Amino acid sequence: MNRIILILALFVTGCATSVPVAVKFPDVPSDMLVACPDLKLAPDTTKLSEVLPVVADNYGQYYTCKDNVDSWIDWYNSQKKIFNSIK
Amino acid sequence: MGQIPWMLSLIPDAILNWLYWGIIAVGITGMFAGWLGKFIPFYGKYVGILKPVGIALLVLGMWLRGGYDTEMMWRARVAEAEAKVAKAEEASKDANSKLEAKIKEKVKVRTEYITTVKERIVKDTQIIDAECKVAPEVIKDLNDAAKNPVTKDAKK
């Protein structure tokens with residue numbers, strides 16, 4: 001009886017065999033995972049010199065977000081190329 | 001039935017290899033002994049058993065050898081695939097490092113540039129405000145343009 005249990009246990013253990021090769025989903029640089037913030041609003045003022053810095057910041061913000069999108073495109077293309085090289 | 005190959009995989013490959021060759025060798029020996037036995041008088045009564053046993057062992061040995069070679073081929077393929085995956089993961093990390101450095105450089109250049117522009121605005125404050133007075137409508141229109149129409153806040 002003990003021998004039968006041992007043999008059965010060995011047979012059941014064989015079912016634990018896993019898939020030998022698994023490809024991990026590639027990581028993304030943490031800087032790219034930041035969402036674009038809303039644009040800044042100008043203060044209630046009659047002075048143009050107080051409005052201009054807000055406009056300048058918003059322009060800067062646009063280019064930061066543009067770079068983020070460009071980075072995602074770069075990331076996708078490079079990772080796709082690497083992934084295809086595995087086949 | 002996957003358990004039997006798995007249990008066989010617990011035995012070292014070199015031992016399995018020799019075992020399978022041994023079965024084939026015994027099978028061939030049995031077959032020949034069965035054929036030669038016909039000419040040996042006192043041996044003749046075993047011929048009837050030796051020949052089918054030899055053939056059975058030869059077939060079994062060939063089958064096991066075939067399975068062993070297939071197993072080795074798959075192991076080689078898995079090892080090759082694992083090496084490719086490891087290489088790809090390394091390449092992925094390298095690509096990410098380069099991209100990260102590029103992003104940091106761009107952010108640095110832009111921050112410096114915007115700071116310079118804002119410093120110039122501060123320096124030119126008197127000139128800018130001297131002949132220009134911004135109407136309240138300009139601020140409202142400008143802020144409305146800055147709002148994102150698809151968010152809740154913009155609808156207020």
# chains A, B, ... in the order shown; residues from 1 in each chain; ligands from 1
call {"tool": "closest_atom_pairs", "arguments": {"of": "chain A", "to": "chain B", "cutoff": "8 Å", "atoms": "only C-alpha atoms", "output": "tab-separated table"}}
result
residue	atom	partner	partner_atom	distance
A:Leu10	CA	B:Met7	CA	7.6
A:Phe11	CA	B:Gln3	CA	5.3
A:Val12	CA	B:Gln3	CA	7.5
A:Thr13	CA	B:Gln3	CA	7.9
A:Gly14	CA	B:Gln3	CA	4.7
A:Cys15	CA	B:Gln3	CA	6.8
A:Pro20	CA	B:Val78	CA	6.9
A:Val21	CA	B:Glu82	CA	6.0
A:Val23	CA	B:Val85	CA	6.4
A:Lys24	CA	B:Glu89	CA	7.9
A:Pro26	CA	B:Ser92	CA	6.7
A:Asp27	CA	B:Lys93	CA	7.8
A:Val28	CA	B:Asn96	CA	6.8
A:Pro29	CA	B:Glu100	CA	6.0
A:Asp31	CA	B:Glu100	CA	7.3
A:Asp38	CA	B:Lys147	CA	7.5
A:Leu39	CA	B:Ala146	CA	5.8
A:Lys40	CA	B:Ala146	CA	7.2
A:Leu41	CA	B:Asn143	CA	5.3
A:Ala42	CA	B:Asn143	CA	6.3
A:Pro43	CA	B:Ile139	CA	7.5
A:Asp44	CA	B:Ile139	CA	6.6
A:Thr45	CA	B:Val134	CA	7.3
A:Thr46	CA	B:Val134	CA	4.4
A:Lys47	CA	B:Val134	CA	5.9
A:Leu48	CA	B:Val134	CA	6.0
A:Ser49	CA	B:Thr125	CA	5.5
A:Leu52	CA	B:Ile121	CA	7.3
A:Pro53	CA	B:Lys118	CA	5.8
A:Ala56	CA	B:Ile114	CA	6.8
A:Asp57	CA	B:Ile114	CA	7.1
A:Gly60	CA	B:Ile114	CA	6.6
A:Thr64	CA	B:Val107	CA	7.1
A:Asp67	CA	B:Ile103	CA	7.5
A:Ser71	CA	B:Leu99	CA	7.2
A:Asp74	CA	B:Leu99	CA	7.9
A:Trp75	CA	B:Asn96	CA	7.4
A:Ser78	CA	B:Ala95	CA	7.0
A:Gln79	CA	B:Ser92	CA	6.3
A:Ile82	CA	B:Ala88	CA	5.9
A:Phe83	CA	B:Ala88	CA	6.9
A:Ser85	CA	B:Ala88	CA	7.6
A:Ile86	CA	B:Lys84	CA	5.7
call {"tool": "atom_distance", "arguments": {"atom1": "atom CA of B:Ile23", "atom2": "atom CA of B:Ala56"}}
result
9.8 Å
call {"tool": "atom_distance", "arguments": {"atom1": "atom CA of B:Trp21", "atom2": "atom CA of B:Lys38"}}
result
26.3 Å
